[in-house]
Amino acid sequence: MPIIKVDPELCTFCGACLELCTGEVYGESSGRASALAPEECWLCGHCVAACPADAIRHSEYPLDGCPPLDLDDLPSLDGLVTAFRERRSARVFRDEPVPRELVRELVDIARWVPSASNEQPVDWLAFDDHERIAVLSSLTVHALAVETLTTDPETAGEFSSLAQARTKGQDPIFFRAPVVLVAHVPTGDDFGRDDAVYAAYNLMLAAQRRGLGTCQIGYFHLALDRSNELHHALGLPEDRRPEVTLGLGYPAFEFHRLLPRRRPKIMWNNP
């Protein structure tokens, strides 16, 4: 249980902690906010982040680890939209290794995302051994293009090109990316898929700022659903579940224009 106290000398009783706390930790005492039920805290940190007077002392969120927000550090909306539009999936990479320190930096950045009940469940597997990546690619192609012939022959045809590319020495799964990253969550996490997607997209946007390209590898997860051998090769413990896989590397080509996208339809109060 966290230790939570409110400094009565600093509290202005603005009401932010009472209104924002979904755990109902806070209440009113002598005209000031008070932490009446700290055992109900589920560590979202809203109270510390929102208190304008720095009156809350939270053992899990000491103020020296919670720097003040500087709005000048934030990008403009136009700049943010440009960053969204700039990111493209990379499938042609330079034959250049990505420093592990840079991969660690991107994984660290990926944690600044929402997660269900603030569980922060996402961890990562990283592969930068070419032989290991080649094995995973080969097993993926086998699961989709070979095993599917037996289990689901009607859909096997759409995967035949993967096998053909593999026989030509190509990598139709990871596109010879020097790094493959797999976001994984606890097996029983009902919302783990959402949390992993959030984290992966943060990483993809951050990678772009570091001159790296990424591509989400959907075929890999189709194959995981069909191949115990591929699961074993991945090496995750039984209590973890892979959710999102990315290829990562320095793109061979740069993009110079922003492209349009279909405007989504929106329906209000649909019956």
# chains A, B, ... in the order shown; residues from 1 in each chain; ligands from 1
$ select_by_dssp --residues "stretch 52-177 of chain A" --states "strand (DSSP E)" --output "ChimeraX atom specification"
/A:56-58,123-127
$ closest_atom_pairs --of "stretch 53-146 of chain A" --to "stretch 223-245 of chain A" --cutoff "7 Å" --atoms "only C-alpha atoms" --output "CSV"
residue,atom,partner,partner_atom,distance
A:Leu136,CA,A:Leu230,CA,6.8
A:Leu139,CA,A:Leu230,CA,5.9
A:Thr140,CA,A:Ala223,CA,5.3
A:Ala143,CA,A:Ala223,CA,5.5
A:Leu144,CA,A:Ala223,CA,5.8
$ write_last_selection --atoms "C-alpha atoms" --output "JSON list (two decimals), in the first residue's frame"
[["chain", "number", "residue", "atom", "x", "y", "z"],
["A", 136, "LEU", "CA", 11.77, -17.29, -37.14],
["A", 139, "LEU", "CA", 9.17, -21.17, -39.46],
["A", 140, "THR", "CA", 6.63, -18.43, -40.20],
["A", 143, "ALA", "CA", 3.41, -22.42, -40.91],
["A", 144, "LEU", "CA", 1.57, -20.24, -43.40]]
$ closest_atom_pairs --of "stretch 132-193 of chain A" --to "stretch 119-126 of chain A" --cutoff "8 Å" --atoms "only C-alpha atoms" --output "tab-separated table"
residue	atom	partner	partner_atom	distance
A:Val179	CA	A:Ala126	CA	6.9
A:Val180	CA	A:Ala126	CA	5.8
A:Leu181	CA	A:Ala126	CA	4.7
A:Val182	CA	A:Leu125	CA	5.0
A:Ala183	CA	A:Trp124	CA	4.6
A:His184	CA	A:Asp123	CA	5.5
A:Val185	CA	A:Val122	CA	5.1
A:Pro186	CA	A:Pro121	CA	6.8
A:Gly192	CA	A:Pro121	CA	7.1
$ closest_residue --among "A:Asp108, A:Asn118, A:Cys11, A:Ser76" --to "A:Trp42" --atoms "only C-alpha atoms"
A:Asn118
$ atom_distance --atom1 "atom CA of A:Leu69" --atom2 "atom CA of A:Tyr26"
23.4 Å
$ closest_residue --among "A:His130, A:Arg85, A:His142, A:Arg209" --to "A:Pro260" --atoms "only C-alpha atoms"
A:Arg85
$ closest_residue --among "A:Lys5, A:Lys168, A:Arg87, A:His46" --to "A:His58" --atoms "only C-alpha atoms"
A:Lys5
$ residues_around --residues "A:Ser89" --least-positions-apart "4" --cutoff "12 Å" --atoms "only C-alpha atoms" --output "JSON, numbers by chain"
{"A": [84, 85, 93, 174, 175, 177, 201, 204, 205, 207, 208, 212, 213, 214, 215, 216, 217, 246, 247, 248, 249, 250, 251, 253, 254, 255]}
$ write_last_selection --atoms "N, CA and C atoms" --output "short mmCIF file (atom, residue, chain, number, x, y, z; two decimals), in the first residue's frame"
data_model
loop_
_atom_site.label_atom_id
_atom_site.label_comp_id
_atom_site.auth_asym_id
_atom_site.auth_seq_id
_atom_site.Cartn_x
_atom_site.Cartn_y
_atom_site.Cartn_z
N PHE A 84 2.90 12.27 -37.60
CA PHE A 84 2.03 11.13 -37.89
C PHE A 84 2.08 10.78 -39.38
N ARG A 85 2.02 11.80 -40.21
CA ARG A 85 1.97 11.58 -41.66
C ARG A 85 3.32 11.15 -42.22
N PHE A 93 15.68 -2.25 -45.94
CA PHE A 93 16.59 -1.72 -44.93
C PHE A 93 18.03 -1.78 -45.40
N PHE A 174 10.29 -10.60 -42.39
CA PHE A 174 10.91 -9.49 -41.68
C PHE A 174 11.70 -8.56 -42.60
N PHE A 175 11.77 -8.89 -43.90
CA PHE A 175 12.40 -8.01 -44.90
C PHE A 175 13.86 -7.71 -44.56
N ALA A 177 15.18 -7.04 -41.81
CA ALA A 177 15.37 -6.01 -40.78
C ALA A 177 16.45 -6.47 -39.81
N TYR A 201 3.16 1.65 -31.16
CA TYR A 201 3.06 2.83 -32.01
C TYR A 201 3.92 3.97 -31.47
N MET A 204 7.27 3.21 -32.73
CA MET A 204 7.40 3.47 -34.16
C MET A 204 7.60 4.96 -34.45
N LEU A 205 6.85 5.80 -33.75
CA LEU A 205 7.00 7.24 -33.95
C LEU A 205 8.35 7.73 -33.46
N ALA A 207 11.09 5.93 -33.27
CA ALA A 207 12.11 5.41 -34.17
C ALA A 207 12.29 6.33 -35.38
N GLN A 208 11.20 6.89 -35.85
CA GLN A 208 11.26 7.80 -36.99
C GLN A 208 12.13 9.02 -36.67
N LEU A 212 15.21 5.85 -38.00
CA LEU A 212 14.96 4.44 -38.20
C LEU A 212 13.59 4.22 -38.82
N GLY A 213 13.44 3.10 -39.50
CA GLY A 213 12.16 2.71 -40.06
C GLY A 213 11.63 1.48 -39.35
N THR A 214 10.32 1.32 -39.35
CA THR A 214 9.68 0.17 -38.71
C THR A 214 8.59 -0.37 -39.61
N CYS A 215 8.22 -1.62 -39.34
CA CYS A 215 7.09 -2.23 -40.03
C CYS A 215 6.46 -3.24 -39.10
N GLN A 216 5.15 -3.16 -38.93
CA GLN A 216 4.47 -4.15 -38.12
C GLN A 216 4.31 -5.43 -38.93
N ILE A 217 4.63 -6.57 -38.31
CA ILE A 217 4.68 -7.85 -39.01
C ILE A 217 3.47 -8.69 -38.64
N LEU A 246 7.52 -6.02 -34.57
CA LEU A 246 8.00 -4.95 -35.45
C LEU A 246 9.36 -5.33 -36.03
N GLY A 247 9.55 -5.02 -37.30
CA GLY A 247 10.88 -4.99 -37.88
C GLY A 247 11.43 -3.59 -37.72
N LEU A 248 12.73 -3.49 -37.41
CA LEU A 248 13.35 -2.19 -37.12
C LEU A 248 14.72 -2.12 -37.77
N GLY A 249 15.00 -0.99 -38.43
CA GLY A 249 16.32 -0.81 -39.02
C GLY A 249 16.41 0.54 -39.72
N TYR A 250 17.57 0.80 -40.29
CA TYR A 250 17.77 2.03 -41.04
C TYR A 250 17.20 1.85 -42.45
N PRO A 251 16.23 2.65 -42.85
CA PRO A 251 15.62 2.46 -44.17
C PRO A 251 16.60 2.75 -45.29
N PHE A 253 15.79 3.87 -48.19
CA PHE A 253 15.36 5.03 -48.97
C PHE A 253 14.59 5.99 -48.07
N GLU A 254 14.68 7.27 -48.39
CA GLU A 254 13.92 8.28 -47.67
C GLU A 254 12.66 8.65 -48.45
N PHE A 255 11.67 9.09 -47.72
CA PHE A 255 10.43 9.57 -48.34
C PHE A 255 10.44 11.10 -48.29
#
$ residues_around --residues "A:Glu40" --least-positions-apart "5" --cutoff "7 Å" --atoms "only C-alpha atoms" --output "MDAnalysis selection string"
chainID A and resid 23:25
$ select_by_dssp --residues "stretch 17-184 of chain A" --states "helix (DSSP H, G or I)" --output "JSON, numbers by chain"
{"A": [17, 18, 19, 20, 38, 39, 40, 46, 47, 48, 49, 50, 63, 64, 65, 71, 72, 73, 77, 78, 79, 80, 81, 82, 83, 84, 85, 86, 100, 101, 102, 103, 104, 105, 106, 107, 108, 109, 116, 117, 118, 130, 131, 132, 133, 134, 135, 136, 137, 138, 139, 140, 141, 142, 143, 144, 145, 146, 147, 148, 149, 150, 151, 153, 154, 155, 156, 157, 158, 159, 160, 161, 162, 163, 164, 165, 166, 167]}
$ closest_residue --among "A:Val113, A:Leu258, A:Val135, A:Val146" --to "A:Val197" --atoms "only C-alpha atoms"
A:Val113
